[in-house]
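Student: File name target.pdb; file contents PDB, C-alpha atoms, pLDDT in the B column; full text below.
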ATOM      1  CA  MET A   1       8.949 -19.150  18.431  1.00 90.00           C
ATOM      2  CA  VAL A   2       8.146 -15.672  17.192  1.00 97.00           C
ATOM      3  CA  LEU A   3       6.156 -14.080  14.367  1.00 97.00           C
ATOM      4  CA  TYR A   4       8.521 -11.483  12.940  1.00 98.00           C
ATOM      5  CA  ILE A   5       6.744  -8.833  10.881  1.00 97.00           C
ATOM      6  CA  ILE A   6       9.559  -7.353   8.831  1.00 98.00           C
ATOM      7  CA  GLY A   7       9.514  -4.148   6.797  1.00 97.00           C
ATOM      8  CA  LEU A   8      11.289  -4.364   3.436  1.00 97.00           C
ATOM      9  CA  GLY A   9      11.544  -0.658   2.633  1.00 96.00           C
ATOM     10  CA  LEU A  10      10.533   0.964  -0.625  1.00 95.00           C
ATOM     11  CA  HIS A  11      12.739  -0.261  -3.450  1.00 93.00           C
ATOM     12  CA  ASP A  12      14.425  -3.639  -3.813  1.00 94.00           C
ATOM     13  CA  GLU A  13      15.919  -6.612  -1.973  1.00 96.00           C
ATOM     14  CA  LYS A  14      18.769  -4.541  -0.518  1.00 96.00           C
ATOM     15  CA  ASP A  15      16.496  -2.204   1.435  1.00 96.00           C
ATOM     16  CA  VAL A  16      15.918  -4.771   4.183  1.00 97.00           C
ATOM     17  CA  THR A  17      17.684  -4.040   7.472  1.00 98.00           C
ATOM     18  CA  VAL A  18      20.555  -6.230   8.681  1.00 98.00           C
ATOM     19  CA  ARG A  19      18.415  -7.524  11.552  1.00 98.00           C
ATOM     20  CA  GLY A  20      15.534  -8.201   9.192  1.00 98.00           C
ATOM     21  CA  LEU A  21      17.782 -10.162   6.835  1.00 98.00           C
ATOM     22  CA  GLU A  22      19.157 -12.298   9.666  1.00 98.00           C
ATOM     23  CA  LEU A  23      15.648 -13.147  10.852  1.00 98.00           C
ATOM     24  CA  ILE A  24      14.459 -14.001   7.335  1.00 98.00           C
ATOM     25  CA  LYS A  25      17.368 -16.406   6.896  1.00 98.00           C
ATOM     26  CA  SER A  26      16.773 -18.102  10.234  1.00 97.00           C
ATOM     27  CA  SER A  27      12.951 -18.392  10.130  1.00 98.00           C
ATOM     28  CA  SER A  28      11.329 -21.729   9.362  1.00 97.00           C
ATOM     29  CA  LYS A  29       8.645 -20.115   7.179  1.00 97.00           C
ATOM     30  CA  VAL A  30       8.613 -16.867   5.191  1.00 97.00           C
ATOM     31  CA  PHE A  31       5.533 -15.122   3.795  1.00 97.00           C
ATOM     32  CA  LEU A  32       5.614 -12.128   1.444  1.00 96.00           C
ATOM     33  CA  GLU A  33       2.576  -9.858   1.653  1.00 92.00           C
ATOM     34  CA  ALA A  34       1.600  -8.770  -1.877  1.00 86.00           C
ATOM     35  CA  TYR A  35      -1.687  -7.031  -1.201  1.00 82.00           C
ATOM     36  CA  THR A  36      -1.258  -3.566   0.321  1.00 84.00           C
ATOM     37  CA  SER A  37       1.862  -2.636  -1.687  1.00 86.00           C
ATOM     38  CA  ILE A  38       4.570  -4.100  -3.926  1.00 82.00           C
ATOM     39  CA  LEU A  39       8.301  -3.778  -4.493  1.00 85.00           C
ATOM     40  CA  SER A  40       9.881  -2.981  -7.859  1.00 86.00           C
ATOM     41  CA  ILE A  41      11.241  -6.535  -8.063  1.00 91.00           C
ATOM     42  CA  GLY A  42       9.832 -10.039  -8.038  1.00 89.00           C
ATOM     43  CA  LYS A  43       9.896 -12.829  -5.470  1.00 92.00           C
ATOM     44  CA  GLU A  44      12.775 -14.553  -7.270  1.00 95.00           C
ATOM     45  CA  ARG A  45      15.150 -11.645  -6.627  1.00 95.00           C
ATOM     46  CA  LEU A  46      14.239 -11.695  -2.950  1.00 96.00           C
ATOM     47  CA  GLU A  47      14.785 -15.432  -2.675  1.00 97.00           C
ATOM     48  CA  ALA A  48      18.194 -15.190  -4.357  1.00 97.00           C
ATOM     49  CA  PHE A  49      19.271 -12.443  -1.962  1.00 97.00           C
ATOM     50  CA  TYR A  50      17.902 -14.226   1.121  1.00 96.00           C
ATOM     51  CA  GLY A  51      19.420 -17.554   0.132  1.00 96.00           C
ATOM     52  CA  ARG A  52      16.176 -19.514   0.163  1.00 94.00           C
ATOM     53  CA  ASP A  53      13.591 -20.713  -2.351  1.00 95.00           C
ATOM     54  CA  ASP A  54      10.481 -21.211  -0.256  1.00 96.00           C
ATOM     55  CA  ILE A  55       8.903 -17.760   0.120  1.00 96.00           C
ATOM     56  CA  VAL A  56       5.102 -17.975   0.075  1.00 96.00           C
ATOM     57  CA  VAL A  57       3.328 -15.046  -1.586  1.00 93.00           C
ATOM     58  CA  ALA A  58       0.356 -13.919   0.514  1.00 91.00           C
ATOM     59  CA  ASP A  59      -2.167 -12.225  -1.769  1.00 87.00           C
ATOM     60  CA  ARG A  60      -5.333 -10.433  -0.724  1.00 82.00           C
ATOM     61  CA  ASP A  61      -7.402 -13.591  -0.330  1.00 83.00           C
ATOM     62  CA  PHE A  62      -4.671 -15.272   1.725  1.00 89.00           C
ATOM     63  CA  VAL A  63      -4.173 -12.278   4.032  1.00 87.00           C
ATOM     64  CA  GLU A  64      -7.868 -11.579   4.557  1.00 85.00           C
ATOM     65  CA  CYS A  65      -9.199 -15.142   4.722  1.00 88.00           C
ATOM     66  CA  HIS A  66      -6.311 -17.360   5.810  1.00 91.00           C
ATOM     67  CA  ALA A  67      -4.189 -15.143   8.065  1.00 92.00           C
ATOM     68  CA  GLU A  68      -4.125 -17.857  10.721  1.00 95.00           C
ATOM     69  CA  GLU A  69      -1.844 -19.864   8.412  1.00 95.00           C
ATOM     70  CA  ILE A  70       0.700 -17.082   8.928  1.00 95.00           C
ATOM     71  CA  TYR A  71       0.571 -16.562  12.679  1.00 95.00           C
ATOM     72  CA  LEU A  72      -0.440 -19.922  14.152  1.00 96.00           C
ATOM     73  CA  PRO A  73       2.788 -21.691  13.004  1.00 96.00           C
ATOM     74  CA  ALA A  74       4.680 -19.013  14.967  1.00 96.00           C
ATOM     75  CA  LYS A  75       3.553 -20.772  18.161  1.00 96.00           C
ATOM     76  CA  GLU A  76       5.809 -23.686  17.207  1.00 96.00           C
ATOM     77  CA  SER A  77       8.687 -22.050  15.272  1.00 97.00           C
ATOM     78  CA  ASP A  78       9.913 -18.678  13.994  1.00 98.00           C
ATOM     79  CA  VAL A  79       7.927 -17.229  11.094  1.00 98.00           C
ATOM     80  CA  ALA A  80       8.779 -14.147   9.013  1.00 98.00           C
ATOM     81  CA  PHE A  81       5.994 -12.073   7.465  1.00 97.00           C
ATOM     82  CA  LEU A  82       7.496  -9.621   4.962  1.00 97.00           C
ATOM     83  CA  VAL A  83       5.813  -6.288   4.328  1.00 96.00           C
ATOM     84  CA  VAL A  84       6.701  -3.601   1.788  1.00 95.00           C
ATOM     85  CA  GLY A  85       7.497  -0.329   3.567  1.00 95.00           C
ATOM     86  CA  ASP A  86       6.961  -0.382   7.340  1.00 96.00           C
ATOM     87  CA  PRO A  87       4.783  -3.008   9.066  1.00 94.00           C
ATOM     88  CA  VAL A  88       2.659  -0.605  11.121  1.00 94.00           C
ATOM     89  CA  CYS A  89       1.505   1.717   8.327  1.00 92.00           C
ATOM     90  CA  ALA A  90      -1.420  -0.442   7.153  1.00 88.00           C
ATOM     91  CA  THR A  91      -4.436  -1.533   9.198  1.00 88.00           C
ATOM     92  CA  THR A  92      -4.165  -4.987   7.593  1.00 89.00           C
ATOM     93  CA  HIS A  93      -0.878  -5.608   9.364  1.00 91.00           C
ATOM     94  CA  SER A  94      -2.060  -4.155  12.663  1.00 93.00           C
ATOM     95  CA  ASP A  95      -5.000  -6.573  12.521  1.00 93.00           C
ATOM     96  CA  ILE A  96      -2.651  -9.533  12.047  1.00 94.00           C
ATOM     97  CA  ILE A  97      -0.527  -8.380  14.994  1.00 95.00           C
ATOM     98  CA  ILE A  98      -3.606  -8.200  17.236  1.00 96.00           C
ATOM     99  CA  ARG A  99      -4.995 -11.559  16.093  1.00 95.00           C
ATOM    100  CA  ALA A 100      -1.619 -13.255  16.476  1.00 96.00           C
ATOM    101  CA  ARG A 101      -1.195 -12.024  20.046  1.00 97.00           C
ATOM    102  CA  GLU A 102      -4.771 -12.999  20.907  1.00 96.00           C
ATOM    103  CA  ALA A 103      -3.949 -16.503  19.619  1.00 96.00           C
ATOM    104  CA  GLY A 104      -0.964 -16.676  21.964  1.00 96.00           C
ATOM    105  CA  ALA A 105       1.832 -16.009  19.471  1.00 97.00           C
ATOM    106  CA  VAL A 106       4.765 -13.747  20.286  1.00 97.00           C
ATOM    107  CA  VAL A 107       5.084 -10.905  17.779  1.00 97.00           C
ATOM    108  CA  GLU A 108       8.048  -8.675  17.036  1.00 97.00           C
ATOM    109  CA  VAL A 109       8.111  -5.855  14.488  1.00 98.00           C
ATOM    110  CA  VAL A 110      11.185  -4.888  12.471  1.00 98.00           C
ATOM    111  CA  HIS A 111      10.668  -1.389  11.118  1.00 97.00           C
ATOM    112  CA  ASN A 112      11.817   0.111   7.815  1.00 97.00           C
ATOM    113  CA  ALA A 113      11.267   3.132   5.569  1.00 96.00           C
ATOM    114  CA  SER A 114       7.751   3.792   4.267  1.00 96.00           C
ATOM    115  CA  ALA A 115       5.914   6.329   2.137  1.00 95.00           C
ATOM    116  CA  MET A 116       4.527   7.842   5.344  1.00 95.00           C
ATOM    117  CA  GLY A 117       7.980   9.219   6.157  1.00 95.00           C
ATOM    118  CA  ALA A 118       9.594   9.342   2.721  1.00 96.00           C
ATOM    119  CA  VAL A 119       6.965  11.826   1.540  1.00 97.00           C
ATOM    120  CA  GLY A 120       8.999  14.465   3.399  1.00 96.00           C
ATOM    121  CA  CYS A 121      11.515  14.384   0.538  1.00 96.00           C
ATOM    122  CA  CYS A 122       9.200  16.692  -1.431  1.00 96.00           C
ATOM    123  CA  GLY A 123       9.949  19.531   0.976  1.00 96.00           C
ATOM    124  CA  LEU A 124       6.720  19.495   2.985  1.00 96.00           C
ATOM    125  CA  GLN A 125       7.332  19.124   6.719  1.00 96.00           C
ATOM    126  CA  LEU A 126       5.990  15.919   8.242  1.00 97.00           C
ATOM    127  CA  TYR A 127       4.867  17.851  11.322  1.00 97.00           C
ATOM    128  CA  ASN A 128       2.340  19.657   9.137  1.00 98.00           C
ATOM    129  CA  PHE A 129       0.513  16.596   7.811  1.00 98.00           C
ATOM    130  CA  GLY A 130      -2.972  15.754   9.013  1.00 98.00           C
ATOM    131  CA  GLN A 131      -4.996  12.591   8.449  1.00 97.00           C
ATOM    132  CA  THR A 132      -3.809  10.281   5.680  1.00 97.00           C
ATOM    133  CA  VAL A 133      -6.414   9.133   3.142  1.00 97.00           C
ATOM    134  CA  SER A 134      -6.652   6.463   0.468  1.00 96.00           C
ATOM    135  CA  ILE A 135      -7.963   7.216  -3.015  1.00 97.00           C
ATOM    136  CA  PRO A 136      -9.728   4.114  -4.404  1.00 96.00           C
ATOM    137  CA  TYR A 137     -10.339   3.449  -8.072  1.00 96.00           C
ATOM    138  CA  PHE A 138     -13.742   4.663  -9.242  1.00 96.00           C
ATOM    139  CA  ASP A 139     -15.840   2.419 -11.450  1.00 90.00           C
ATOM    140  CA  GLU A 140     -19.213   2.784 -13.124  1.00 88.00           C
ATOM    141  CA  ASN A 141     -21.094   1.517 -10.068  1.00 89.00           C
ATOM    142  CA  TRP A 142     -18.915   2.715  -7.178  1.00 92.00           C
ATOM    143  CA  ARG A 143     -17.477   6.224  -6.885  1.00 96.00           C
ATOM    144  CA  PRO A 144     -16.759   6.699  -3.162  1.00 96.00           C
ATOM    145  CA  THR A 145     -15.676  10.093  -1.844  1.00 97.00           C
ATOM    146  CA  SER A 146     -15.278   9.211   1.838  1.00 97.00           C
ATOM    147  CA  PHE A 147     -11.758  10.688   1.676  1.00 98.00           C
ATOM    148  CA  TYR A 148     -13.155  14.146   0.910  1.00 98.00           C
ATOM    149  CA  PRO A 149     -14.225  15.219   4.461  1.00 98.00           C
ATOM    150  CA  LYS A 150     -10.789  14.331   5.828  1.00 98.00           C
ATOM    151  CA  ILE A 151      -9.038  16.434   3.194  1.00 98.00           C
ATOM    152  CA  LYS A 152     -11.413  19.280   3.995  1.00 98.00           C
ATOM    153  CA  TYR A 153     -10.743  18.907   7.724  1.00 98.00           C
ATOM    154  CA  ASN A 154      -7.001  18.999   7.152  1.00 98.00           C
ATOM    155  CA  ARG A 155      -7.203  22.017   4.884  1.00 97.00           C
ATOM    156  CA  ARG A 156      -9.244  23.971   7.426  1.00 97.00           C
ATOM    157  CA  GLY A 157      -6.516  23.275   9.983  1.00 97.00           C
ATOM    158  CA  GLY A 158      -3.754  24.376   7.609  1.00 97.00           C
ATOM    159  CA  LEU A 159      -2.476  20.818   7.272  1.00 98.00           C
ATOM    160  CA  HIS A 160      -1.250  18.793   4.297  1.00 98.00           C
ATOM    161  CA  THR A 161      -2.959  15.518   3.325  1.00 98.00           C
ATOM    162  CA  LEU A 162      -1.053  12.447   2.188  1.00 98.00           C
ATOM    163  CA  CYS A 163      -3.202  10.643  -0.380  1.00 98.00           C
ATOM    164  CA  LEU A 164      -2.245   6.998  -0.885  1.00 96.00           C
ATOM    165  CA  LEU A 165      -3.253   5.765  -4.328  1.00 95.00           C
ATOM    166  CA  ASP A 166      -5.035   2.508  -5.020  1.00 94.00           C
ATOM    167  CA  ILE A 167      -3.458  -0.642  -6.421  1.00 90.00           C
ATOM    168  CA  LYS A 168      -5.314  -3.629  -7.828  1.00 87.00           C
ATOM    169  CA  VAL A 169      -3.394  -6.902  -7.715  1.00 83.00           C
ATOM    170  CA  LYS A 170      -5.040 -10.273  -8.363  1.00 76.00           C
ATOM    171  CA  GLU A 171      -8.517  -8.779  -8.488  1.00 76.00           C
ATOM    172  CA  PRO A 172     -11.184 -11.317  -9.542  1.00 74.00           C
ATOM    173  CA  ASP A 173     -13.017 -10.925 -12.849  1.00 73.00           C
ATOM    174  CA  PHE A 174     -16.623 -11.096 -11.668  1.00 71.00           C
ATOM    175  CA  GLU A 175     -17.987 -11.537 -15.169  1.00 75.00           C
ATOM    176  CA  ALA A 176     -15.837 -14.646 -15.584  1.00 73.00           C
ATOM    177  CA  MET A 177     -16.917 -15.878 -12.158  1.00 72.00           C
ATOM    178  CA  LYS A 178     -20.542 -15.724 -13.321  1.00 73.00           C
ATOM    179  CA  ARG A 179     -19.558 -18.235 -16.003  1.00 79.00           C
ATOM    180  CA  GLY A 180     -17.944 -20.492 -13.415  1.00 78.00           C
ATOM    181  CA  LYS A 181     -14.357 -19.518 -14.210  1.00 78.00           C
ATOM    182  CA  ILE A 182     -11.730 -18.167 -11.825  1.00 78.00           C
ATOM    183  CA  VAL A 183      -9.964 -15.396 -13.729  1.00 77.00           C
ATOM    184  CA  TYR A 184      -7.963 -12.468 -12.378  1.00 77.00           C
ATOM    185  CA  LEU A 185      -7.777  -9.030 -13.942  1.00 77.00           C
ATOM    186  CA  PRO A 186      -4.423  -7.515 -14.985  1.00 84.00           C
ATOM    187  CA  PRO A 187      -2.706  -5.534 -12.186  1.00 85.00           C
ATOM    188  CA  ARG A 188      -3.450  -1.813 -12.043  1.00 89.00           C
ATOM    189  CA  PHE A 189      -1.616   0.928 -10.187  1.00 91.00           C
ATOM    190  CA  MET A 190      -3.294   4.314  -9.872  1.00 94.00           C
ATOM    191  CA  THR A 191      -1.260   7.166 -11.317  1.00 94.00           C
ATOM    192  CA  VAL A 192      -1.091  10.755 -10.129  1.00 95.00           C
ATOM    193  CA  ASN A 193      -3.075  11.981 -13.117  1.00 95.00           C
ATOM    194  CA  GLU A 194      -5.824   9.412 -12.475  1.00 96.00           C
ATOM    195  CA  ALA A 195      -5.994  10.416  -8.806  1.00 97.00           C
ATOM    196  CA  SER A 196      -6.080  14.103  -9.756  1.00 97.00           C
ATOM    197  CA  ASP A 197      -9.028  13.486 -12.059  1.00 97.00           C
ATOM    198  CA  GLN A 198     -10.921  11.655  -9.317  1.00 98.00           C
ATOM    199  CA  LEU A 199     -10.167  14.372  -6.745  1.00 98.00           C
ATOM    200  CA  ILE A 200     -11.577  16.949  -9.153  1.00 98.00           C
ATOM    201  CA  GLU A 201     -14.704  14.823  -9.569  1.00 98.00           C
ATOM    202  CA  ALA A 202     -15.035  14.527  -5.783  1.00 98.00           C
ATOM    203  CA  GLU A 203     -14.923  18.310  -5.367  1.00 98.00           C
ATOM    204  CA  GLU A 204     -17.516  18.750  -8.107  1.00 97.00           C
ATOM    205  CA  ALA A 205     -19.780  16.161  -6.450  1.00 96.00           C
ATOM    206  CA  ARG A 206     -19.384  17.391  -2.865  1.00 97.00           C
ATOM    207  CA  ALA A 207     -18.971  21.097  -3.650  1.00 96.00           C
ATOM    208  CA  GLY A 208     -17.622  21.745  -0.156  1.00 96.00           C
ATOM    209  CA  GLY A 209     -14.692  23.949  -1.112  1.00 96.00           C
ATOM    210  CA  ALA A 210     -12.077  21.590   0.306  1.00 97.00           C
ATOM    211  CA  TYR A 211      -9.780  22.630  -2.547  1.00 98.00           C
ATOM    212  CA  ILE A 212      -9.924  24.529  -5.820  1.00 97.00           C
ATOM    213  CA  PRO A 213      -8.863  22.253  -8.709  1.00 97.00           C
ATOM    214  CA  ASN A 214      -7.328  25.038 -10.795  1.00 97.00           C
ATOM    215  CA  LYS A 215      -5.730  26.940  -7.907  1.00 97.00           C
ATOM    216  CA  THR A 216      -4.820  24.703  -4.947  1.00 97.00           C
ATOM    217  CA  LEU A 217      -1.176  23.618  -5.095  1.00 97.00           C
ATOM    218  CA  CYS A 218      -0.578  19.875  -4.923  1.00 97.00           C
ATOM    219  CA  VAL A 219       2.510  17.663  -5.107  1.00 97.00           C
ATOM    220  CA  GLY A 220       2.572  14.379  -7.000  1.00 96.00           C
ATOM    221  CA  LEU A 221       5.116  11.710  -6.090  1.00 96.00           C
ATOM    222  CA  ALA A 222       5.868   8.480  -7.914  1.00 94.00           C
ATOM    223  CA  ARG A 223       8.157   5.541  -7.081  1.00 93.00           C
ATOM    224  CA  LEU A 224       9.307   6.965  -3.736  1.00 93.00           C
ATOM    225  CA  GLY A 225      12.632   5.596  -2.548  1.00 92.00           C
ATOM    226  CA  GLN A 226      13.601   4.274  -5.967  1.00 92.00           C
ATOM    227  CA  PRO A 227      16.391   5.616  -8.226  1.00 92.00           C
ATOM    228  CA  ASP A 228      13.850   6.973 -10.714  1.00 92.00           C
ATOM    229  CA  GLN A 229      11.507   8.555  -8.172  1.00 93.00           C
ATOM    230  CA  CYS A 230       9.713  11.612  -9.514  1.00 94.00           C
ATOM    231  CA  ILE A 231       8.210  14.631  -7.767  1.00 95.00           C
ATOM    232  CA  ILE A 232       6.170  17.328  -9.474  1.00 95.00           C
ATOM    233  CA  ALA A 233       4.061  20.232  -8.203  1.00 96.00           C
ATOM    234  CA  GLY A 234       1.004  21.837  -9.750  1.00 96.00           C
ATOM    235  CA  THR A 235      -2.738  22.258  -9.430  1.00 98.00           C
ATOM    236  CA  LEU A 236      -5.000  19.248  -9.809  1.00 97.00           C
ATOM    237  CA  GLU A 237      -5.955  20.499 -13.259  1.00 97.00           C
ATOM    238  CA  GLU A 238      -2.278  20.594 -14.226  1.00 97.00           C
ATOM    239  CA  LEU A 239      -1.409  17.219 -12.687  1.00 96.00           C
ATOM    240  CA  LYS A 240      -4.369  15.639 -14.453  1.00 95.00           C
ATOM    241  CA  GLU A 241      -2.690  16.379 -17.786  1.00 93.00           C
ATOM    242  CA  LYS A 242       0.718  14.942 -16.871  1.00 84.00           C
ATOM    243  CA  GLU A 243       1.999  11.693 -18.361  1.00 75.00           C
ATOM    244  CA  PRO A 244       1.108   8.669 -16.150  1.00 63.00           C
ATOM    245  CA  ASP A 245       4.762   8.096 -15.211  1.00 66.00           C
ATOM    246  CA  PHE A 246       5.681  11.785 -15.218  1.00 57.00           C
TER     247      PHE A 246
END
As a first step, turn the structure in this file into structure tokens.
Tutor:
Amino acid sequence: MVLYIIGLGLHDEKDVTVRGLELIKSSSKVFLEAYTSILSIGKERLEAFYGRDDIVVADRDFVECHAEEIYLPAKESDVAFLVVGDPVCATTHSDIIIRAREAGAVVEVVHNASAMGAVGCCGLQLYNFGQTVSIPYFDENWRPTSFYPKIKYNRRGGLHTLCLLDIKVKEPDFEAMKRGKIVYLPPRFMTVNEASDQLIEAEEARAGGAYIPNKTLCVGLARLGQPDQCIIAGTLEELKEKEPDF
């Protein structure tokens, strides 16, 4: 009777660890978190590899509003909660671990590769990274730059900053909701050139000298851990002009 939070790695169904695979096969229920990150394959490929056809996809609403449906059953039988990357790299998963233990469930974590470690493949030493930040999508009414002070702090200390780019999966269409319809917007995944453009805007708005868009060297990484991963270096001005998929 354990809630197993299992990291799936960065690419496809074969990135799971041997221990993780054994636990997935033996658990009475399996949930796949599809909110904080995604794999390059669909649920069907995972089910075929795991030898089961009952994986429940846990989207943002499920994870944020119905998390008890994941951890409470673990008080009666083994439950597997599958997470892309490593389970302890997102606050969402840490929150579930805490809530599950407070509810009396036993929790075990099965680690795997994540972007937090794989970023070292670009040649920058992990020891020299400071605080990690997230870059959210800007829209016409919301253009947050709360990440900017952390980048500035890191730069002053001679440290790199890992910027995790936003994804939008199963986001509600609020205009449709006003008309009484439940409609979801198409998925969006922020690209390096989009993030570069927003970072430039943040520097222009804050004007704190955290970085110089046409001089500060940056590294863009896409599809880490996958056969077609891409790494490119340049200033923000240069990265802004790159093709979305490099």
Student: Quick one: of A:Ala100, A:Cys121, A:Ile151, A:Val16, who's nearest to A:Gly209, counting all atoms listed in the file?
Tutor: A:Ile151
Student: Return as a list in words the set of residues that the PyMOL selection byres ((chain A and resi 147) around 12) yields on the displayed structure.
Tutor: Gln131, Thr132, Val133, Ser134, Ile135, Pro136, Arg143, Pro144, Thr145, Ser146, Tyr148, Pro149, Lys150, Ile151, Lys152, Tyr153, Asn154, Thr161, Leu162, Cys163, Leu164, Leu165, Ala195, Gln198, Leu199, Ala202, Glu203, Arg206 and Ala210 of chain A
Student: Can you tell me how far atom CA of A:Gln125 sits from atom CA of A:Gln226, in Å to one decimal?
Tutor: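 Atom-to-atom, atom CA of A:Gln125 to atom CA of A:Gln226, that is 20.5 Å.
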Student: When the PyMOL selection byres ((chain A and resi 217) around 9) is applied to the file above, which residues end up in the set, as an MDAnalysis selection string?
Tutor: chainID A and resid 212:216 218:219 233:236
Student: What is the distance between atom CA of A:Val88 and atom CA of A:Pro172, in Å to one decimal?
Tutor: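 Rounded to one decimal, the two atoms are 27.1 Å apart.
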Student: Quick one: which residues end up in the PyMOL selection byres ((chain A and resi 87) around 10) for this structure, as a PyMOL selection string?
Tutor: chain A and resi 5-9+81-86+88-94+97+109-114
Student: Missing atoms in stretch 77-94 of chain A should be modelled up to N, CA and C atoms and reported as a compact mmCIF listing (two decimals), in the frame of the given file.
Tutor:
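After the write, part-v9.txt holds the following:
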# COMPACT_ATOMS: atom_id res chain seq x y z
N SER A 77 7.37 -22.39 15.82
CA SER A 77 8.69 -22.05 15.27
C SER A 77 8.67 -20.61 14.77
N ASP A 78 9.83 -20.07 14.46
CA ASP A 78 9.91 -18.68 13.99
C ASP A 78 9.35 -18.54 12.58
N VAL A 79 8.54 -17.51 12.39
CA VAL A 79 7.93 -17.23 11.09
C VAL A 79 8.19 -15.77 10.74
N ALA A 80 8.56 -15.51 9.48
CA ALA A 80 8.78 -14.15 9.01
C ALA A 80 7.66 -13.75 8.06
N PHE A 81 7.04 -12.62 8.32
CA PHE A 81 5.99 -12.07 7.46
C PHE A 81 6.53 -10.77 6.89
N LEU A 82 6.82 -10.75 5.59
CA LEU A 82 7.50 -9.62 4.96
C LEU A 82 6.49 -8.63 4.40
N VAL A 83 6.74 -7.35 4.71
CA VAL A 83 5.81 -6.29 4.33
C VAL A 83 6.57 -5.17 3.62
N VAL A 84 6.08 -4.73 2.48
CA VAL A 84 6.70 -3.60 1.79
C VAL A 84 6.51 -2.34 2.62
N GLY A 85 7.56 -1.54 2.75
CA GLY A 85 7.50 -0.33 3.57
C GLY A 85 7.72 -0.68 5.03
N ASP A 86 6.88 -0.12 5.90
CA ASP A 86 6.96 -0.38 7.34
C ASP A 86 5.73 -1.17 7.79
N PRO A 87 5.90 -2.13 8.69
CA PRO A 87 4.78 -3.01 9.07
C PRO A 87 3.58 -2.32 9.71
N VAL A 88 3.77 -1.18 10.36
CA VAL A 88 2.66 -0.60 11.12
C VAL A 88 1.95 0.53 10.39
N CYS A 89 2.14 0.63 9.09
CA CYS A 89 1.50 1.72 8.33
C CYS A 89 0.20 1.31 7.67
N ALA A 90 -0.16 0.03 7.75
CA ALA A 90 -1.42 -0.44 7.15
C ALA A 90 -2.25 -1.16 8.21
N THR A 91 -3.55 -0.91 8.21
CA THR A 91 -4.44 -1.53 9.20
C THR A 91 -4.45 -3.05 9.05
N THR A 92 -4.21 -3.54 7.83
CA THR A 92 -4.16 -4.99 7.59
C THR A 92 -3.13 -5.65 8.48
N HIS A 93 -1.96 -5.02 8.58
CA HIS A 93 -0.88 -5.61 9.36
C HIS A 93 -1.14 -5.47 10.86
N SER A 94 -1.71 -4.34 11.25
CA SER A 94 -2.06 -4.16 12.66
C SER A 94 -3.06 -5.21 13.10
